[in-house]
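Okay, target_23.pdb is below, PDB, C-alpha atoms, pLDDT in the B column:
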MODEL        1
ATOM      1  CA  MET A   1      94.610 155.584  52.059  1.00 42.00           C
ATOM      2  CA  SER A   2      97.362 154.099  49.927  1.00 46.00           C
ATOM      3  CA  ARG A   3      98.776 150.702  50.849  1.00 65.00           C
ATOM      4  CA  ALA A   4     102.361 151.385  49.848  1.00 81.00           C
ATOM      5  CA  THR A   5     104.545 148.503  50.966  1.00 84.00           C
ATOM      6  CA  ASP A   6     107.923 149.592  49.637  1.00 92.00           C
ATOM      7  CA  TRP A   7     110.359 152.144  51.077  1.00 95.00           C
ATOM      8  CA  VAL A   8     110.402 155.132  48.707  1.00 95.00           C
ATOM      9  CA  PRO A   9     112.880 157.846  49.794  1.00 96.00           C
ATOM     10  CA  ALA A  10     111.766 160.080  46.887  1.00 97.00           C
ATOM     11  CA  LEU A  11     108.267 160.320  48.425  1.00 97.00           C
ATOM     12  CA  TRP A  12     109.814 161.834  51.567  1.00 98.00           C
ATOM     13  CA  LEU A  13     112.177 164.134  49.632  1.00 98.00           C
ATOM     14  CA  ASP A  14     109.471 165.375  47.246  1.00 97.00           C
ATOM     15  CA  THR A  15     106.958 165.953  50.050  1.00 97.00           C
ATOM     16  CA  PHE A  16     109.590 167.733  52.167  1.00 98.00           C
ATOM     17  CA  SER A  17     110.413 170.013  49.230  1.00 97.00           C
ATOM     18  CA  GLU A  18     106.745 170.657  48.448  1.00 96.00           C
ATOM     19  CA  LEU A  19     105.923 171.577  52.051  1.00 96.00           C
ATOM     20  CA  LEU A  20     108.941 173.914  52.193  1.00 94.00           C
ATOM     21  CA  ASN A  21     108.628 175.587  48.819  1.00 92.00           C
ATOM     22  CA  GLU A  22     104.931 175.534  47.960  1.00 90.00           C
ATOM     23  CA  ASP A  23     103.341 175.572  51.409  1.00 90.00           C
ATOM     24  CA  ASN A  24     106.073 177.759  53.006  1.00 91.00           C
ATOM     25  CA  GLU A  25     106.131 175.636  56.173  1.00 92.00           C
ATOM     26  CA  LEU A  26     109.533 176.944  57.295  1.00 93.00           C
ATOM     27  CA  ASP A  27     109.433 180.423  55.784  1.00 90.00           C
ATOM     28  CA  TYR A  28     112.279 181.959  57.794  1.00 93.00           C
ATOM     29  CA  GLY A  29     114.773 182.546  54.975  1.00 93.00           C
ATOM     30  CA  ASP A  30     116.928 179.507  55.790  1.00 96.00           C
ATOM     31  CA  GLN A  31     117.787 176.618  53.468  1.00 96.00           C
ATOM     32  CA  TRP A  32     116.549 173.219  54.743  1.00 97.00           C
ATOM     33  CA  THR A  33     117.494 169.780  53.435  1.00 97.00           C
ATOM     34  CA  LEU A  34     116.352 166.256  54.246  1.00 98.00           C
ATOM     35  CA  ASN A  35     118.828 163.364  54.254  1.00 98.00           C
ATOM     36  CA  PHE A  36     118.692 159.720  55.317  1.00 98.00           C
ATOM     37  CA  ASN A  37     120.936 157.840  57.750  1.00 97.00           C
ATOM     38  CA  TYR A  38     119.944 154.222  58.313  1.00 96.00           C
ATOM     39  CA  ARG A  39     122.261 153.811  61.314  1.00 94.00           C
ATOM     40  CA  GLN A  40     121.406 156.824  63.459  1.00 94.00           C
ATOM     41  CA  THR A  41     120.035 156.413  66.961  1.00 92.00           C
ATOM     42  CA  ASN A  42     118.148 158.667  69.350  1.00 92.00           C
ATOM     43  CA  THR A  43     121.271 159.289  71.445  1.00 92.00           C
ATOM     44  CA  VAL A  44     122.685 162.795  71.138  1.00 92.00           C
ATOM     45  CA  THR A  45     126.211 163.175  72.509  1.00 93.00           C
ATOM     46  CA  ASN A  46     127.229 166.306  74.401  1.00 95.00           C
ATOM     47  CA  GLU A  47     129.334 167.312  71.386  1.00 95.00           C
ATOM     48  CA  GLU A  48     126.370 166.879  69.016  1.00 94.00           C
ATOM     49  CA  ARG A  49     124.136 168.809  71.405  1.00 94.00           C
ATOM     50  CA  LYS A  50     126.687 171.669  71.447  1.00 95.00           C
ATOM     51  CA  ARG A  51     126.516 171.686  67.645  1.00 94.00           C
ATOM     52  CA  GLY A  52     122.743 172.113  67.875  1.00 95.00           C
ATOM     53  CA  TRP A  53     121.434 168.633  67.101  1.00 97.00           C
ATOM     54  CA  LYS A  54     117.958 167.714  68.391  1.00 96.00           C
ATOM     55  CA  VAL A  55     116.002 164.468  68.085  1.00 95.00           C
ATOM     56  CA  PHE A  56     112.342 163.881  67.341  1.00 95.00           C
ATOM     57  CA  CYS A  57     110.658 160.466  67.187  1.00 94.00           C
ATOM     58  CA  HIS A  58     107.403 159.983  65.342  1.00 94.00           C
ATOM     59  CA  TYR A  59     105.273 156.852  65.423  1.00 93.00           C
ATOM     60  CA  THR A  60     103.105 156.247  62.399  1.00 93.00           C
ATOM     61  CA  HIS A  61     101.288 153.671  60.322  1.00 94.00           C
ATOM     62  CA  ALA A  62     103.100 151.900  57.484  1.00 96.00           C
ATOM     63  CA  ASN A  63     103.083 148.711  55.498  1.00 96.00           C
ATOM     64  CA  PHE A  64     105.829 146.181  54.915  1.00 95.00           C
ATOM     65  CA  ARG A  65     106.731 143.602  52.272  1.00 95.00           C
ATOM     66  CA  CYS A  66     109.096 140.749  53.038  1.00 93.00           C
ATOM     67  CA  GLY A  67     111.994 140.581  50.599  1.00 91.00           C
ATOM     68  CA  SER A  68     112.209 136.794  51.022  1.00 91.00           C
ATOM     69  CA  CYS A  69     108.625 135.500  50.904  1.00 92.00           C
ATOM     70  CA  SER A  70     106.788 138.634  49.607  1.00 92.00           C
ATOM     71  CA  LYS A  71     104.280 138.556  52.483  1.00 93.00           C
ATOM     72  CA  THR A  72     102.854 142.004  53.273  1.00 94.00           C
ATOM     73  CA  TRP A  73     101.634 143.316  56.614  1.00 93.00           C
ATOM     74  CA  PRO A  74     100.515 146.601  58.141  1.00 94.00           C
ATOM     75  CA  SER A  75     101.842 148.095  61.358  1.00 93.00           C
ATOM     76  CA  ALA A  76     100.275 150.890  63.371  1.00 90.00           C
ATOM     77  CA  ARG A  77     103.506 151.474  65.321  1.00 90.00           C
ATOM     78  CA  VAL A  78     106.393 152.280  63.014  1.00 94.00           C
ATOM     79  CA  LEU A  79     109.126 154.515  64.373  1.00 95.00           C
ATOM     80  CA  VAL A  80     110.575 157.290  62.232  1.00 97.00           C
ATOM     81  CA  LEU A  81     113.533 159.008  63.902  1.00 96.00           C
ATOM     82  CA  PHE A  82     114.553 162.534  62.928  1.00 97.00           C
ATOM     83  CA  ARG A  83     117.648 164.503  63.900  1.00 97.00           C
ATOM     84  CA  TYR A  84     117.691 168.161  62.978  1.00 98.00           C
ATOM     85  CA  ARG A  85     119.600 171.380  63.495  1.00 97.00           C
ATOM     86  CA  LEU A  86     119.850 174.910  62.156  1.00 97.00           C
ATOM     87  CA  GLN A  87     123.332 176.333  61.764  1.00 94.00           C
ATOM     88  CA  LYS A  88     124.343 179.489  59.864  1.00 92.00           C
ATOM     89  CA  ASN A  89     121.108 179.751  57.846  1.00 93.00           C
ATOM     90  CA  ARG A  90     121.298 176.085  56.830  1.00 96.00           C
ATOM     91  CA  GLY A  91     118.907 173.593  58.306  1.00 97.00           C
ATOM     92  CA  THR A  92     119.468 169.871  58.133  1.00 98.00           C
ATOM     93  CA  ALA A  93     116.997 167.134  58.941  1.00 98.00           C
ATOM     94  CA  VAL A  94     118.225 163.539  58.929  1.00 98.00           C
ATOM     95  CA  MET A  95     115.680 160.735  58.957  1.00 98.00           C
ATOM     96  CA  ARG A  96     115.750 157.036  59.740  1.00 97.00           C
ATOM     97  CA  PRO A  97     112.770 154.730  59.298  1.00 97.00           C
ATOM     98  CA  PHE A  98     112.920 151.614  61.463  1.00 96.00           C
ATOM     99  CA  GLY A  99     112.089 148.243  60.000  1.00 96.00           C
ATOM    100  CA  GLN A 100     110.407 145.039  61.009  1.00 95.00           C
ATOM    101  CA  THR A 101     111.140 141.399  60.298  1.00 95.00           C
ATOM    102  CA  CYS A 102     108.712 138.968  58.730  1.00 94.00           C
ATOM    103  CA  ARG A 103     106.948 136.652  61.150  1.00 91.00           C
ATOM    104  CA  SER A 104     106.129 134.118  58.400  1.00 91.00           C
ATOM    105  CA  CYS A 105     109.563 133.218  57.075  1.00 87.00           C
ATOM    106  CA  GLU A 106     111.507 134.226  60.188  1.00 75.00           C
ATOM    107  CA  SER A 107     113.991 136.169  58.090  1.00 80.00           C
ATOM    108  CA  ASP A 108     116.576 138.134  60.050  1.00 84.00           C
ATOM    109  CA  GLU A 109     116.328 141.008  57.547  1.00 91.00           C
ATOM    110  CA  PHE A 110     114.640 144.173  58.733  1.00 95.00           C
ATOM    111  CA  GLU A 111     112.321 145.319  55.963  1.00 96.00           C
ATOM    112  CA  LEU A 112     111.925 149.068  55.548  1.00 97.00           C
ATOM    113  CA  PRO A 113     108.360 150.421  55.677  1.00 97.00           C
ATOM    114  CA  GLY A 114     106.236 151.805  52.883  1.00 97.00           C
ATOM    115  CA  PHE A 115     104.269 154.940  53.744  1.00 97.00           C
ATOM    116  CA  SER A 116     101.203 156.581  52.278  1.00 96.00           C
ATOM    117  CA  LEU A 117     101.477 160.203  51.168  1.00 96.00           C
ATOM    118  CA  GLU A 118      99.120 161.170  54.012  1.00 96.00           C
ATOM    119  CA  GLU A 119     101.389 159.584  56.633  1.00 96.00           C
ATOM    120  CA  VAL A 120     104.492 161.220  55.125  1.00 97.00           C
ATOM    121  CA  LYS A 121     102.854 164.664  55.186  1.00 97.00           C
ATOM    122  CA  HIS A 122     101.679 164.184  58.761  1.00 96.00           C
ATOM    123  CA  ALA A 123     105.154 163.093  59.942  1.00 97.00           C
ATOM    124  CA  LEU A 124     106.863 166.014  58.189  1.00 97.00           C
ATOM    125  CA  LEU A 125     104.371 168.543  59.546  1.00 97.00           C
ATOM    126  CA  ARG A 126     105.086 167.202  63.038  1.00 96.00           C
ATOM    127  CA  LEU A 127     108.824 167.560  62.352  1.00 97.00           C
ATOM    128  CA  PHE A 128     108.348 171.122  61.077  1.00 97.00           C
ATOM    129  CA  SER A 129     106.401 171.978  64.218  1.00 96.00           C
ATOM    130  CA  LYS A 130     109.344 170.764  66.360  1.00 96.00           C
ATOM    131  CA  ILE A 131     111.772 172.734  64.173  1.00 97.00           C
ATOM    132  CA  LYS A 132     109.630 175.880  64.515  1.00 96.00           C
ATOM    133  CA  LYS A 133     109.638 175.447  68.294  1.00 95.00           C
ATOM    134  CA  ASN A 134     113.292 174.564  68.835  1.00 95.00           C
ATOM    135  CA  CYS A 135     114.977 176.564  66.067  1.00 95.00           C
ATOM    136  CA  TYR A 136     112.698 179.598  65.740  1.00 95.00           C
ATOM    137  CA  GLY A 137     110.995 179.926  69.138  1.00 94.00           C
ATOM    138  CA  GLU A 138     107.472 179.345  67.787  1.00 93.00           C
ATOM    139  CA  ALA A 139     104.787 177.382  69.604  1.00 89.00           C
ATOM    140  CA  ASP A 140     104.634 173.654  68.885  1.00 86.00           C
ATOM    141  CA  GLU A 141     101.319 173.203  67.062  1.00 84.00           C
ATOM    142  CA  TYR A 142     101.130 169.588  68.232  1.00 79.00           C
ATOM    143  CA  GLU A 143     102.142 170.081  71.876  1.00 74.00           C
ATOM    144  CA  GLY A 144     100.282 167.523  73.959  1.00 62.00           C
ATOM    145  CA  VAL A 145      98.858 165.748  70.918  1.00 58.00           C
ATOM    146  CA  GLY A 146      99.696 162.050  70.473  1.00 53.00           C
ATOM    147  CA  SER A 147     102.218 161.130  67.802  1.00 46.00           C
ATOM    148  CA  SER A 148      99.868 159.957  65.111  1.00 44.00           C
ATOM    149  CA  ASP A 149      96.461 158.810  66.198  1.00 47.00           C
ATOM    150  CA  ILE A 150      97.930 155.333  66.527  1.00 48.00           C
ATOM    151  CA  LYS A 151      95.208 152.923  65.596  1.00 51.00           C
ATOM    152  CA  LYS A 152      94.768 150.194  68.136  1.00 53.00           C
ATOM    153  CA  THR A 153      95.406 147.018  66.232  1.00 58.00           C
ATOM    154  CA  LYS A 154      97.152 143.797  67.112  1.00 67.00           C
ATOM    155  CA  PRO A 155      99.668 144.096  69.943  1.00 73.00           C
ATOM    156  CA  HIS A 156     103.060 145.458  68.939  1.00 80.00           C
ATOM    157  CA  GLU A 157     105.406 142.518  68.350  1.00 86.00           C
ATOM    158  CA  LYS A 158     108.604 143.682  69.999  1.00 88.00           C
ATOM    159  CA  THR A 159     110.615 140.697  68.778  1.00 89.00           C
ATOM    160  CA  LEU A 160     109.998 141.736  65.152  1.00 92.00           C
ATOM    161  CA  CYS A 161     110.646 145.476  65.641  1.00 93.00           C
ATOM    162  CA  GLU A 162     114.093 146.911  64.850  1.00 94.00           C
ATOM    163  CA  ALA A 163     113.568 149.915  67.147  1.00 93.00           C
ATOM    164  CA  CYS A 164     112.542 147.649  70.058  1.00 92.00           C
ATOM    165  CA  LYS A 165     115.636 145.502  69.557  1.00 90.00           C
ATOM    166  CA  MET A 166     117.753 148.674  69.785  1.00 90.00           C
ATOM    167  CA  GLY A 167     115.905 149.857  72.903  1.00 88.00           C
ATOM    168  CA  ILE A 168     114.522 152.933  71.137  1.00 88.00           C
ATOM    169  CA  CYS A 169     110.881 151.990  70.634  1.00 80.00           C
ATOM    170  CA  ALA A 170     109.049 153.393  73.627  1.00 64.00           C
ATOM    171  CA  GLN A 171     105.485 153.575  74.844  1.00 51.00           C
ATOM    172  CA  ASP A 172     105.352 157.273  74.037  1.00 49.00           C
ATOM    173  CA  GLU A 173     107.331 159.604  71.815  1.00 48.00           C
ATOM    174  CA  GLU A 174     108.479 161.848  74.655  1.00 48.00           C
ATOM    175  CA  SER A 175     110.814 159.203  76.068  1.00 50.00           C
ATOM    176  CA  CYS A 176     112.511 159.010  72.664  1.00 64.00           C
ATOM    177  CA  SER A 177     112.790 162.692  71.808  1.00 59.00           C
ATOM    178  CA  GLN A 178     115.628 164.879  73.016  1.00 59.00           C
ATOM    179  CA  ASP A 179     114.650 168.237  71.599  1.00 54.00           C
ATOM    180  CA  ASP A 180     114.161 170.521  74.552  1.00 49.00           C
ATOM    181  CA  ASP A 181     116.977 172.155  76.468  1.00 44.00           C
TER
ENDMDL
END

What does this structure look like when you write it as structure tokens?
Amino acid sequence: MSRATDWVPALWLDTFSELLNEDNELDYGDQWTLNFNYRQTNTVTNEERKRGWKVFCHYTHANFRCGSCSKTWPSARVLVLFRYRLQKNRGTAVMRPFGQTCRSCESDEFELPGFSLEEVKHALLRLFSKIKKNCYGEADEYEGVGSSDIKKTKPHEKTLCEACKMGICAQDEESCSQDDD
């Protein structure tokens, strides 16, 4: 497995496009796009809900590199937040990766995670399964399956986690997701 330590949006965009166009993951005749919003939260207002927005949280493994001291570290509990909706044959997925701060230099900067191709594919397939369920009425292929075989490693350091500081990081993905009516 790759030890990518830098945030690479193109990896997500290219993999999203490949899964849509080559693997036909969402083959329903609608156009889907992936965008990034580094400020979004898991809260969906009543107005957003009326406009069809749903939320899906995925926990995964990633690596980080401190921008100040260049220290690298792995984390088995990195939150990736997705919002998505289908409206008039156009689907939109908006993603936010949550960062962590460096324990060594005590920087206040949240570093964005670097993901392996395998982790990106797994996260997007989970997202597509939620989209199939909530936008197309299909069964969720991952229903009842944990977010991402989270490897038990060192305890999660809540004081270094951006999602924990915002009150979003939860013990399980279900308390974060708001995708079922």

Quiz item: Please, what distance in Å, to one decimal, runs between CA of Phe98 in chain A and CA of Glu47 in chain A?
Solution: 24.8 Å

Per-residue nearest contacts range 21-125 of chain A to range 137-142 of chain A, cut-off 12 Å, using all atoms listed in the file, as CSV:
residue,atom,partner,partner_atom,distance
A:Leu26,CA,A:Glu138,CA,11.0
A:Tyr28,CA,A:Glu138,CA,11.4
A:His58,CA,A:Tyr142,CA,11.8
A:His122,CA,A:Tyr142,CA,10.9
A:Ala123,CA,A:Tyr142,CA,11.3
A:Leu125,CA,A:Tyr142,CA,9.3

Quiz item: In file coordinates, which residues lie within 7 Å of (115.3, 162.7, 52.5) using only C-alpha atoms, given as number ranges by chain?
Solution: A: 9, 12-13, 34-36, 95

Practice problem: Go through the shown structure with the PyMOL selection byres ((chain A and resi 107) around 12) and write out the matching residues as a PyMOL selection string. | Solution: chain A and resi 65-71+100-106+108-111+160

Can you translate the PyMOL selection byres ((chain A and resi 85) around 6) into the concrete residues it hits in this file, as a CSV table (one decimal) with C-alpha atoms, keeping the file's coordinate frame?
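Wrote it out as part-v6.csv, contents follow:
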chain,number,residue,atom,x,y,z
A,52,GLY,CA,122.7,172.1,67.9
A,53,TRP,CA,121.4,168.6,67.1
A,84,TYR,CA,117.7,168.2,63.0
A,86,LEU,CA,119.8,174.9,62.2
A,91,GLY,CA,118.9,173.6,58.3
A,92,THR,CA,119.5,169.9,58.1

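Here the PyMOL selection byres ((chain A and resi 37) around 10) catches exactly these residues: A:Asn35, A:Phe36, A:Tyr38, A:Arg39, A:Gln40, A:Thr41, A:Leu81, A:Phe82, A:Arg83, A:Val94, A:Met95, A:Arg96, A:Pro97.
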
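Distance annotation: of A:Ala76, A:Val44, A:Cys164, A:Val120, the residue with the minimal separation from Phe64 in chain A is A:Ala76; atom set is all atoms listed in the file.
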
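With all atoms listed in the file as the atoms that count, the minimum distance from Lys88 in chain A to the choices A:Ser75, A:Gln31, A:Asn46, A:Asn24 is reached by A:Gln31.
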
Quiz item: Taking into account only C-alpha atoms, which residue in the set A:Gly167, A:Asp6, A:Trp73, A:Arg126 is nearest to Glu143 in chain A?
Solution: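 Once distances to Glu143 in chain A are computed over only C-alpha atoms, the minimum belongs to A:Arg126.
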
Quiz item: With distances taken over only C-alpha atoms, which of A:Lys50, A:Thr5, A:Leu20, A:Asn63 is nearest to Leu124 in chain A?
Solution: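 Between A:Lys50, A:Thr5, A:Leu20, A:Asn63, the residue approaching Leu124 in chain A most closely is A:Leu20.
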
Exercise. Can you work out which one of A:His156, A:Lys133, A:Arg51, A:Arg90 has the shortest atom-to-atom distance to Cys169 in chain A, counting all atoms listed in the file?
Key: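 Smallest distance to Cys169 in chain A is found for A:His156.
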
Self-check item: Å distance separating CA of Leu112 in chain A from CA of Gly99 in chain A, one decimal place
Solution: 4.5 Å

Quiz prompt | CA of Asn42 in chain A to CA of Phe128 in chain A, distance in Å rounded to a single decimal | solution = 17.9 Å

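Using only C-alpha atoms, the shortest contact distance between Pro74 in chain A and any of A:Thr33, A:Ser116, A:Thr43, A:Gln87 is found at A:Ser116.
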